[in-house]
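The structure appears below as structure tokens.
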Amino acid sequence: MKIDVSHVTKQFGSFAALAGVDLEIKSGELVALLGPSGSGKTTLLRIIAGLEWPDEGQVFFDGTDALARSVRERHVGFVFQHYALFRHLTVFENVAFGLRVKPRRRRPDEAKIRAKVHELLDLVQLRPLAERHPNQLSGGQRQRIALARALAIEPSVLLLDEPFGALDAKVRKELRRWLRHLHESINVTSVFVTHDQEEALEVADRVVVMDKGRIEQVGTPEEVYERPATSFVHDFIGESVVIPVSVADGALHFGGGRLALDSQGVHTGDARLFVRPADIHVGPPDDAPLKGTVKRVHGIGSARRLEIDLVPAYSIEIDASGTGATPGDLIGLTPNRYRVFAVGA
Amino acid sequence: MAHEAVIEGRLTGNRLAVAAAGRWTVDHAGELERKIEALVARHRGAAAGVDIDMAKVERLDTFGAWLLERLVRGFSGTGKEARVVGLPDHYRGLVEEAHAVNRRALPPVRNGALTTALAIVGRRVSDVGRDFVLIMQMLGQVTAIGLKSLVRPWSFRFTSLVHHLDRVGWRAVPIILLITLLIGAIIAQQGIFHFRRFGAEVYVVDMLGILMLREVGVLMVAIMVAGRSGSAYTAELGSMKMREEIDALRTMGFDPVEVLIMPRLGALMLAMPMLAFIGAMAALYGGGLVCWVYGGISPDVFLARLKEAISLDDFVVGIVKAPFMALMIGVVASVQGLEVKGSTESLGLKTTDSVVKSIFLVIVLDGLFAMFFAAIGM
């Protein structure tokens with residue numbers, strides 16, 4: 001199922017949850033909606049599901065208007081952050097629920113339901129727990145049951161709202177990989193919301209980075225990490241060292257001095273220089289574009305980091321696994337790769 | 001084409017060329033605004049400068065001029081260079097005027113004590129209006145589903161109904177018995193104490209019978225049910241809402257009103273008349289005890305006097321009100337439950353609201369019934 005979201009806006013009181021979002025999700029794709037809280041990602045997901053209606057704009061499923069259909073007619077599987085399993089039903093009954101409540105004519109018979117549920121429980125690797133109640137399961141198990149329940153109706157779209165948000169770090173990592181494999185084997189168009197960039201980058205085919213109700217960038221995990229389109233994306237995904245600079249005469253200036261760095265076409269005015277901490281080369285101060293004094297060193301081995309006071313006054317923190325710099329040293333910093341964004345871009 | 005407002009942007013290198021054409025007038029402002037916002041959002045990151053070609057624009061009014069200014073500010077506000085070219089001379093004045101407006105943010109509005117007080121009152125009034133609409137909406141939904149299950153009785157969830165009947169009916173009996181018994185006793189004692197001065201002790205029985213059967217019995221029970229069961233409904237529905245269980249039901253093709261609210265309302269409407277009856281009987285019993293022990297009116301005299309004082313009408317007036325009060329309590333509790341937002345504070349808040357509002361509305365309803373029964377002479 002292909003999903004087209006076209007210029008969707010949603011207002012909650014005076015707060016604009018979505019301000020004109022356009023998005024195209026290809027059939028069979030696994031897409032992550034990534035953004036800080038309040039960026040509108042869950043609202044967008046709920047609009048796609050039919051749990052919320054946009055003020056303006058359209059949503060199409062395979063070219064047909066989805067907004068004309070209610071949530072039950074859209075045939076979506078939805079996985080909630082807090083599982084939302086029915087507590088008084090066993091695991092088996094929870095998964096079978098969506099099948100049992102179908103209209104009489106389309107309801108499969110008991111043997112088929114049984115077979116389907118067992119197949120799904122095998123898929124989520126929880127067959128032995130079929131007779132337990134949700135409160136006897138761990139968080140990770142519950143979420144897998146929630147997934148099986150969502151898949152039971154053979155949805156055309158699978159929507160997951162922070163599916164691993166309530167789990168601890170280790171289970172999260174495990175389930176992430178598991179979800180990736182699951183998606184490869186069932187290949188249903190899936191959209192999941194997360195604020196965890198690591199999760200989005202690892203699991204998704206494409207990542208949609210959102211902020212303040214707008215889409216900042218859409219791209220493969222590699223694209224959004226390597227070639228962020230806006231300063232927000234650079235800042236939000238991966239670690240960034242940000243240095244306030246200004247652009248004049250096609251060159252960067254920092255603290256009154258001209259830097260031997262390209263302005264990357266940014267126009268005259270205030271700008272910010274973004275560098276990944278790992279892309280900064282530490283060397284002798286002679287002709288490096290940036291100079292600074294090492295203020296403090298913390299961590300050891302590969303986690304060694306330097307706090308540096310740049311000349312003049314601005315302090316940054318970088319990775320320094322290969323250097324022997326000690327506090328008080330004057331060092332030169334050369335950004336191997338960097339991006340310049342005008343302020344506000 | 002000629003009567004449309006057109007705007008297209010093409011990115012070459014890091015310069016965005018925007019071509020505008022058609023009528024930039026009030027009729028097209030809405031559509032134009034969306035296009036402009038989309039354009040700004042899409043190219044704000046990549047474009048370093050913008051050239052806006054206005055040469056093909058046929059008409060421009062203040063709306064168009066302001067939208068052009070919005071487009072320019074959309075880019076220039078983030079340090080990009082935006083140029084407008086080819087603007088017909090006779091529109092130049094208008095565009096410059098638009099360029100000059102809204103440059104400074106409006107000073108924040110200062111509110112005096114009176115304005116604040118009025119604003120609070122206004123907000124409360126609008127809240128009341130909103131509650132009214134929500135309650136009516138719920139009543140409508142419940143009626144529609146009720147009619148539907150008359151046609152297809154098997155779609156009604158009887159198991160759930162019985163479960164809730166046990167909770168709000170059967171298990172409420174002891175506390176209702178206790179409270180109404182005490183109320184009956186207290187009213188009898190007060191009556192005897194004050195009537196004794198006029199030597200009219202025996203009329204306490206009249207007062208007790210009429211008051212308990214017509215008004216106080218059912219009202220006390222309604223208040224207790226609102227506090228006991230209404231709040232429980234709100235809390236249950238609210239916590240289901242918080243845990244997204246209601247959304248889960250909806251994604252699986254269920255109407256939460258049908259699945260969760262109907263059986264609860266049904267149970268309450270069945271339980272209330274029974275509880276009201278039990279309550280009234282317990283109150284009369286309590287009153288009778290006090291009359292005997294404190295007032296010296298023997299049970300025989302009490303019963304004989306009671307038989308004379310009350311009629312079937314008094315009993316009917318009390319019991320008829322019960323299911324309506326139950327409906328009111330149930331609907332308010334459900335509306336409040338579904339209004340719960342994500343936080344636990346809101347759950348607590350809505351539960352309190354539910355009790356306060358349903359008690360208030362039950363009393364209002366009682367007043368309306370009093371007027372109705374007076375009108376039909378019961």
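Simple scheme: letters A, B, ... for chains in structure tokens order, numbers from 1 for residues in each chain, numbers from 1 for ligands in the order shown.
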- Surrounding residues of segment 298-304 of chain B excluding itself and chain neighbours under 3 positions, 7 Å, only C-alpha atoms, as a PyMOL selection string: chain B and resi 205+288+292+307-308
Once you count only C-alpha atoms, what closest atom pair and distance in Å to one decimal does each residue of chain B within 9 Å of chain A have, with rows by chain and rising residue number, as JSON lines?
```
{"residue": "B:Asn14", "atom": "CA", "partner": "A:Gly265", "partner_atom": "CA", "distance": 7.6}
{"residue": "B:Arg34", "atom": "CA", "partner": "A:Gly20", "partner_atom": "CA", "distance": 7.8}
{"residue": "B:Glu37", "atom": "CA", "partner": "A:Gly20", "partner_atom": "CA", "distance": 7.7}
{"residue": "B:Ala38", "atom": "CA", "partner": "A:Gly20", "partner_atom": "CA", "distance": 6.8}
{"residue": "B:Ala41", "atom": "CA", "partner": "A:Arg214", "partner_atom": "CA", "distance": 7.7}
{"residue": "B:Arg42", "atom": "CA", "partner": "A:Glu216", "partner_atom": "CA", "distance": 8.3}
{"residue": "B:Arg44", "atom": "CA", "partner": "A:Ala345", "partner_atom": "CA", "distance": 6.4}
{"residue": "B:Gly45", "atom": "CA", "partner": "A:Ala345", "partner_atom": "CA", "distance": 5.1}
{"residue": "B:Ala46", "atom": "CA", "partner": "A:Ala229", "partner_atom": "CA", "distance": 6.8}
{"residue": "B:Ala48", "atom": "CA", "partner": "A:Val266", "partner_atom": "CA", "distance": 6.1}
{"residue": "B:Gly49", "atom": "CA", "partner": "A:His267", "partner_atom": "CA", "distance": 7.9}
{"residue": "B:Gly77", "atom": "CA", "partner": "A:Gly344", "partner_atom": "CA", "distance": 7.9}
{"residue": "B:Thr78", "atom": "CA", "partner": "A:Gly344", "partner_atom": "CA", "distance": 4.8}
{"residue": "B:Gly79", "atom": "CA", "partner": "A:Ala342", "partner_atom": "CA", "distance": 6.3}
{"residue": "B:Lys80", "atom": "CA", "partner": "A:His267", "partner_atom": "CA", "distance": 6.7}
{"residue": "B:Glu81", "atom": "CA", "partner": "A:His267", "partner_atom": "CA", "distance": 7.5}
{"residue": "B:Met240", "atom": "CA", "partner": "A:Ala84", "partner_atom": "CA", "distance": 8.3}
{"residue": "B:Arg243", "atom": "CA", "partner": "A:Ala84", "partner_atom": "CA", "distance": 5.8}
{"residue": "B:Glu244", "atom": "CA", "partner": "A:Ala84", "partner_atom": "CA", "distance": 5.6}
{"residue": "B:Glu245", "atom": "CA", "partner": "A:Ala84", "partner_atom": "CA", "distance": 4.7}
{"residue": "B:Ile246", "atom": "CA", "partner": "A:Ala84", "partner_atom": "CA", "distance": 8.3}
{"residue": "B:Asp247", "atom": "CA", "partner": "A:Leu51", "partner_atom": "CA", "distance": 7.1}
{"residue": "B:Ala248", "atom": "CA", "partner": "A:Ala84", "partner_atom": "CA", "distance": 6.4}
{"residue": "B:Arg250", "atom": "CA", "partner": "A:Val71", "partner_atom": "CA", "distance": 6.7}
{"residue": "B:Thr251", "atom": "CA", "partner": "A:Val71", "partner_atom": "CA", "distance": 5.7}
{"residue": "B:Met252", "atom": "CA", "partner": "A:Gly98", "partner_atom": "CA", "distance": 5.8}
{"residue": "B:Gly253", "atom": "CA", "partner": "A:Arg72", "partner_atom": "CA", "distance": 4.1}
{"residue": "B:Phe254", "atom": "CA", "partner": "A:Arg72", "partner_atom": "CA", "distance": 7.3}
```
Store the residues picked out above, limited to N, CA and C atoms, as a PDB file, in the first residue's frame.
```
ATOM      1  N   ASN B  14      22.139  27.075  -5.986  1.00  0.00           N
ATOM      2  CA  ASN B  14      21.511  27.362  -4.701  1.00  0.00           C
ATOM      3  C   ASN B  14      20.662  28.625  -4.783  1.00  0.00           C
ATOM      4  N   ARG B  34      -1.060  28.724   0.886  1.00  0.00           N
ATOM      5  CA  ARG B  34      -0.572  27.356   1.062  1.00  0.00           C
ATOM      6  C   ARG B  34       0.631  27.093   0.174  1.00  0.00           C
ATOM      7  N   GLU B  37       3.656  28.915   1.571  1.00  0.00           N
ATOM      8  CA  GLU B  37       4.208  28.246   2.761  1.00  0.00           C
ATOM      9  C   GLU B  37       4.972  26.983   2.385  1.00  0.00           C
ATOM     10  N   ALA B  38       4.401  26.238   1.430  1.00  0.00           N
ATOM     11  CA  ALA B  38       5.049  24.998   1.003  1.00  0.00           C
ATOM     12  C   ALA B  38       6.391  25.299   0.346  1.00  0.00           C
ATOM     13  N   ALA B  41       8.874  26.323   2.944  1.00  0.00           N
ATOM     14  CA  ALA B  41       9.293  25.181   3.760  1.00  0.00           C
ATOM     15  C   ALA B  41      10.241  24.285   2.982  1.00  0.00           C
ATOM     16  N   ARG B  42       9.970  24.120   1.692  1.00  0.00           N
ATOM     17  CA  ARG B  42      10.751  23.175   0.904  1.00  0.00           C
ATOM     18  C   ARG B  42      12.151  23.707   0.612  1.00  0.00           C
ATOM     19  N   ARG B  44      13.712  26.463   2.081  1.00  0.00           N
ATOM     20  CA  ARG B  44      14.346  27.317   3.068  1.00  0.00           C
ATOM     21  C   ARG B  44      15.765  26.835   3.383  1.00  0.00           C
ATOM     22  N   GLY B  45      15.926  25.528   3.389  1.00  0.00           N
ATOM     23  CA  GLY B  45      17.235  24.989   3.733  1.00  0.00           C
ATOM     24  C   GLY B  45      18.238  25.140   2.611  1.00  0.00           C
ATOM     25  N   ALA B  46      17.835  24.738   1.408  1.00  0.00           N
ATOM     26  CA  ALA B  46      18.808  24.612   0.337  1.00  0.00           C
ATOM     27  C   ALA B  46      19.110  25.928  -0.366  1.00  0.00           C
ATOM     28  N   ALA B  48      20.012  29.638  -1.253  1.00  0.00           N
ATOM     29  CA  ALA B  48      20.754  30.694  -0.577  1.00  0.00           C
ATOM     30  C   ALA B  48      20.184  32.050  -0.953  1.00  0.00           C
ATOM     31  N   GLY B  49      19.537  32.131  -2.099  1.00  0.00           N
ATOM     32  CA  GLY B  49      18.948  33.390  -2.517  1.00  0.00           C
ATOM     33  C   GLY B  49      17.734  33.120  -3.380  1.00  0.00           C
ATOM     34  N   GLY B  77      14.087  36.459   6.394  1.00  0.00           N
ATOM     35  CA  GLY B  77      14.099  36.317   7.845  1.00  0.00           C
ATOM     36  C   GLY B  77      15.154  35.328   8.309  1.00  0.00           C
ATOM     37  N   THR B  78      15.597  34.440   7.441  1.00  0.00           N
ATOM     38  CA  THR B  78      16.615  33.479   7.830  1.00  0.00           C
ATOM     39  C   THR B  78      17.958  33.813   7.178  1.00  0.00           C
ATOM     40  N   GLY B  79      18.120  35.067   6.859  1.00  0.00           N
ATOM     41  CA  GLY B  79      19.431  35.520   6.373  1.00  0.00           C
ATOM     42  C   GLY B  79      19.657  35.275   4.894  1.00  0.00           C
ATOM     43  N   LYS B  80      18.598  34.891   4.178  1.00  0.00           N
ATOM     44  CA  LYS B  80      18.740  34.691   2.735  1.00  0.00           C
ATOM     45  C   LYS B  80      18.434  36.008   2.040  1.00  0.00           C
ATOM     46  N   GLU B  81      18.936  36.089   0.828  1.00  0.00           N
ATOM     47  CA  GLU B  81      18.673  37.288   0.058  1.00  0.00           C
ATOM     48  C   GLU B  81      17.446  37.029  -0.823  1.00  0.00           C
ATOM     49  N   MET B 240      -8.151   3.812  30.665  1.00  0.00           N
ATOM     50  CA  MET B 240      -8.083   3.105  29.385  1.00  0.00           C
ATOM     51  C   MET B 240      -7.673   4.064  28.271  1.00  0.00           C
ATOM     52  N   ARG B 243      -3.949   4.646  28.609  1.00  0.00           N
ATOM     53  CA  ARG B 243      -3.140   3.518  28.131  1.00  0.00           C
ATOM     54  C   ARG B 243      -3.405   3.194  26.666  1.00  0.00           C
ATOM     55  N   GLU B 244      -4.117   4.088  26.003  1.00  0.00           N
ATOM     56  CA  GLU B 244      -4.401   3.971  24.562  1.00  0.00           C
ATOM     57  C   GLU B 244      -5.236   2.741  24.229  1.00  0.00           C
ATOM     58  N   GLU B 245      -5.882   2.148  25.244  1.00  0.00           N
ATOM     59  CA  GLU B 245      -6.699   0.968  24.967  1.00  0.00           C
ATOM     60  C   GLU B 245      -7.918   1.338  24.131  1.00  0.00           C
ATOM     61  N   ILE B 246      -8.397   2.571  24.335  1.00  0.00           N
ATOM     62  CA  ILE B 246      -9.568   2.995  23.564  1.00  0.00           C
ATOM     63  C   ILE B 246      -9.191   3.167  22.101  1.00  0.00           C
ATOM     64  N   ASP B 247      -7.997   3.754  21.877  1.00  0.00           N
ATOM     65  CA  ASP B 247      -7.513   3.862  20.492  1.00  0.00           C
ATOM     66  C   ASP B 247      -7.310   2.480  19.882  1.00  0.00           C
ATOM     67  N   ALA B 248      -6.816   1.554  20.697  1.00  0.00           N
ATOM     68  CA  ALA B 248      -6.590   0.196  20.185  1.00  0.00           C
ATOM     69  C   ALA B 248      -7.914  -0.422  19.744  1.00  0.00           C
ATOM     70  N   ARG B 250     -10.481   1.184  18.717  1.00  0.00           N
ATOM     71  CA  ARG B 250     -10.928   1.851  17.487  1.00  0.00           C
ATOM     72  C   ARG B 250     -10.170   1.337  16.276  1.00  0.00           C
ATOM     73  N   THR B 251      -8.862   1.118  16.415  1.00  0.00           N
ATOM     74  CA  THR B 251      -8.116   0.625  15.253  1.00  0.00           C
ATOM     75  C   THR B 251      -8.563  -0.786  14.894  1.00  0.00           C
ATOM     76  N   MET B 252      -9.128  -1.509  15.864  1.00  0.00           N
ATOM     77  CA  MET B 252      -9.594  -2.852  15.532  1.00  0.00           C
ATOM     78  C   MET B 252     -11.055  -2.862  15.119  1.00  0.00           C
ATOM     79  N   GLY B 253     -11.580  -1.670  14.859  1.00  0.00           N
ATOM     80  CA  GLY B 253     -12.902  -1.595  14.285  1.00  0.00           C
ATOM     81  C   GLY B 253     -14.027  -1.562  15.303  1.00  0.00           C
ATOM     82  N   PHE B 254     -13.735  -1.145  16.523  1.00  0.00           N
ATOM     83  CA  PHE B 254     -14.774  -1.076  17.548  1.00  0.00           C
ATOM     84  C   PHE B 254     -15.164   0.333  17.844  1.00  0.00           C
TER      85      PHE B 254
END
```
- If you measure from atom CA of Met212 of chain B to atom CA of Ile186 of chain B, what distance in Å do you get, rounded to one decimal? 12.0 Å
- Where in segment 120-270 of chain A does DSSP assign helix (DSSP H, G or I), given as a PyMOL selection string? chain A and resi 120-123+127-129+134-136+139-152+169-186+197-203+221-226+231-236
- Query: B:Ser354, B:Gln141, B:Ser334, B:Thr180: which is nearest Glu258 of chain B, counting only C-alpha atoms?
  - Reply: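 For Glu258 of chain B, the nearest of the candidates is B:Gln141.
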- Message: With DSSP run on the backbone, what are the strand (DSSP E or B) residues within segment 37-272 of chain B? I'd like them as a ChimeraX atom specification.
- Response: /B:49-60,81-85
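One finds atom CA of Tyr338 of chain A at 10.1 Å from atom CA of Ser263 of chain A.
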- Residue contacts of Ser229 of chain B (12 Å, only C-alpha atoms) excluding same-chain residues fewer than 3 positions away, as a PyMOL selection string: chain B and resi 164-172+221-226+232-236+264-265+267-269+271-272+326+329-334+351+354-355+358
Please write the residues from the selection above to a file, keeping N, CA, C and O atoms, as a compact mmCIF listing (two decimals), in the first residue's frame.
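Resulting contents of result15.txt:
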```txt
# COMPACT_ATOMS: atom_id res chain seq x y z
N HIS B 164 -21.14 -5.30 35.26
CA HIS B 164 -21.26 -3.96 35.81
C HIS B 164 -22.46 -3.84 36.74
O HIS B 164 -22.43 -3.08 37.71
N LEU B 165 -23.51 -4.62 36.46
CA LEU B 165 -24.67 -4.63 37.34
C LEU B 165 -24.26 -5.11 38.72
O LEU B 165 -24.67 -4.57 39.75
N ASP B 166 -23.40 -6.11 38.75
CA ASP B 166 -22.87 -6.61 40.02
C ASP B 166 -22.11 -5.51 40.75
O ASP B 166 -22.30 -5.29 41.94
N ARG B 167 -21.28 -4.81 40.00
CA ARG B 167 -20.44 -3.79 40.63
C ARG B 167 -21.22 -2.58 41.11
O ARG B 167 -21.03 -2.11 42.22
N VAL B 168 -22.07 -2.02 40.24
CA VAL B 168 -22.75 -0.78 40.63
C VAL B 168 -24.06 -1.03 41.35
O VAL B 168 -24.57 -0.16 42.02
N GLY B 169 -24.62 -2.24 41.21
CA GLY B 169 -25.88 -2.53 41.86
C GLY B 169 -25.70 -3.30 43.15
O GLY B 169 -25.76 -2.75 44.25
N TRP B 170 -25.41 -4.56 43.02
CA TRP B 170 -25.32 -5.47 44.15
C TRP B 170 -24.35 -5.00 45.22
O TRP B 170 -24.68 -4.93 46.40
N ARG B 171 -23.15 -4.63 44.77
CA ARG B 171 -22.14 -4.25 45.77
C ARG B 171 -22.38 -2.89 46.39
O ARG B 171 -21.73 -2.52 47.36
N ALA B 172 -23.31 -2.13 45.80
CA ALA B 172 -23.60 -0.82 46.38
C ALA B 172 -24.66 -0.93 47.47
O ALA B 172 -24.87 0.01 48.23
N VAL B 221 -29.59 8.51 46.98
CA VAL B 221 -29.04 7.37 46.26
C VAL B 221 -28.29 7.85 45.01
O VAL B 221 -27.19 7.38 44.71
N ALA B 222 -28.87 8.81 44.30
CA ALA B 222 -28.20 9.32 43.10
C ALA B 222 -26.85 9.94 43.44
O ALA B 222 -25.84 9.72 42.75
N ILE B 223 -26.82 10.69 44.53
CA ILE B 223 -25.57 11.33 44.92
C ILE B 223 -24.52 10.27 45.28
O ILE B 223 -23.36 10.35 44.91
N MET B 224 -24.99 9.24 45.99
CA MET B 224 -24.06 8.16 46.37
C MET B 224 -23.56 7.41 45.13
O MET B 224 -22.39 7.04 45.04
N VAL B 225 -24.47 7.18 44.21
CA VAL B 225 -24.09 6.45 43.00
C VAL B 225 -23.10 7.29 42.18
O VAL B 225 -22.13 6.76 41.63
N ALA B 226 -23.36 8.60 42.11
CA ALA B 226 -22.45 9.47 41.37
C ALA B 226 -21.06 9.41 41.99
O ALA B 226 -20.05 9.33 41.29
N ALA B 232 -16.03 5.91 39.41
CA ALA B 232 -15.33 4.69 38.98
C ALA B 232 -15.36 4.58 37.46
O ALA B 232 -14.34 4.24 36.84
N TYR B 233 -16.50 4.90 36.86
CA TYR B 233 -16.59 4.87 35.40
C TYR B 233 -15.58 5.82 34.78
O TYR B 233 -14.85 5.47 33.84
N THR B 234 -15.56 7.05 35.30
CA THR B 234 -14.63 8.04 34.75
C THR B 234 -13.19 7.55 34.88
O THR B 234 -12.40 7.65 33.94
N ALA B 235 -12.88 7.04 36.06
CA ALA B 235 -11.50 6.61 36.29
C ALA B 235 -11.13 5.45 35.37
O ALA B 235 -10.03 5.42 34.80
N GLU B 236 -12.05 4.49 35.21
CA GLU B 236 -11.77 3.34 34.34
C GLU B 236 -11.57 3.77 32.89
O GLU B 236 -10.58 3.42 32.24
N ARG B 264 -22.14 -0.18 30.57
CA ARG B 264 -22.05 0.53 31.84
C ARG B 264 -23.30 1.35 32.10
O ARG B 264 -23.86 1.36 33.20
N LEU B 265 -23.75 2.04 31.05
CA LEU B 265 -24.97 2.85 31.19
C LEU B 265 -26.17 1.95 31.49
O LEU B 265 -26.98 2.25 32.36
N ALA B 267 -26.23 -0.96 32.89
CA ALA B 267 -26.15 -1.47 34.26
C ALA B 267 -26.60 -0.41 35.26
O ALA B 267 -27.38 -0.68 36.18
N LEU B 268 -26.14 0.81 35.04
CA LEU B 268 -26.49 1.89 35.96
C LEU B 268 -27.99 2.17 35.93
O LEU B 268 -28.62 2.37 36.97
N MET B 269 -28.56 2.15 34.73
CA MET B 269 -29.98 2.47 34.60
C MET B 269 -30.86 1.36 35.18
O MET B 269 -32.00 1.62 35.61
N ALA B 271 -29.73 -0.59 37.73
CA ALA B 271 -29.43 -0.67 39.17
C ALA B 271 -30.08 0.46 39.96
O ALA B 271 -30.55 0.26 41.07
N MET B 272 -30.10 1.66 39.36
CA MET B 272 -30.58 2.83 40.11
C MET B 272 -31.99 2.69 40.67
O MET B 272 -32.20 2.97 41.85
N ALA B 326 -29.77 8.07 36.58
CA ALA B 326 -28.69 7.14 36.27
C ALA B 326 -28.10 7.45 34.91
O ALA B 326 -26.88 7.48 34.73
N ILE B 329 -25.91 10.53 35.23
CA ILE B 329 -24.64 10.22 35.90
C ILE B 329 -23.71 9.47 34.94
O ILE B 329 -22.54 9.80 34.79
N GLY B 330 -24.27 8.47 34.28
CA GLY B 330 -23.46 7.63 33.39
C GLY B 330 -22.90 8.41 32.22
O GLY B 330 -21.72 8.27 31.87
N VAL B 331 -23.73 9.25 31.63
CA VAL B 331 -23.28 10.01 30.46
C VAL B 331 -22.20 11.00 30.86
O VAL B 331 -21.15 11.11 30.21
N VAL B 332 -22.43 11.71 31.97
CA VAL B 332 -21.42 12.68 32.42
C VAL B 332 -20.10 11.95 32.72
O VAL B 332 -19.02 12.37 32.31
N ALA B 333 -20.22 10.82 33.42
CA ALA B 333 -19.00 10.07 33.78
C ALA B 333 -18.26 9.61 32.53
O ALA B 333 -17.03 9.69 32.46
N SER B 334 -19.00 9.14 31.53
CA SER B 334 -18.35 8.65 30.31
C SER B 334 -17.69 9.79 29.54
O SER B 334 -16.57 9.67 29.07
N THR B 351 -11.98 12.97 37.13
CA THR B 351 -12.79 12.18 38.06
C THR B 351 -13.54 13.11 39.01
O THR B 351 -14.73 12.94 39.24
N SER B 354 -16.22 14.85 37.17
CA SER B 354 -17.33 13.95 36.88
C SER B 354 -18.31 13.92 38.04
O SER B 354 -19.52 14.05 37.86
N VAL B 355 -17.79 13.78 39.26
CA VAL B 355 -18.67 13.70 40.43
C VAL B 355 -19.39 15.02 40.63
O VAL B 355 -20.62 15.05 40.79
N SER B 358 -21.95 15.62 37.79
CA SER B 358 -23.12 14.76 37.76
C SER B 358 -24.03 15.03 38.95
O SER B 358 -25.25 15.00 38.80
```
- Message: Which residues are close to segment 241-258 of chain A, i.e. within 12 Å by only C-alpha atoms, leaving aside same-chain residues fewer than 2 positions away? Reply as a ChimeraX atom specification.
- Response: /A:231-232,234-239,260-280,288-291,307-319,335,337-343 /B:79
- Message: Could you list, as a list in words, every residue within 6 Å of segment 36-44 of chain A, counting only C-alpha atoms and ignoring same-chain residues fewer than 4 positions away?
- Response: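 Answer for this query is Ala17, Leu18, His195, Met210, Asp211, Lys212 and Gly213 of chain A.
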- Message: Set the distance at 8 Å and use only C-alpha atoms: which residues neighbour Ile145 of chain A once local chain neighbours fewer than 4 positions away are removed? I'd like the list as a PyMOL selection string.
- Response: chain A and resi 91+94-95+121+124+126+141+149
- Counting only C-alpha atoms, what is within 12 Å of Ala166 of chain A, bar same-chain residues fewer than 4 positions away, as a ChimeraX atom specification? /A:80-83,138-140,142-143,161-162,170-172,194,196
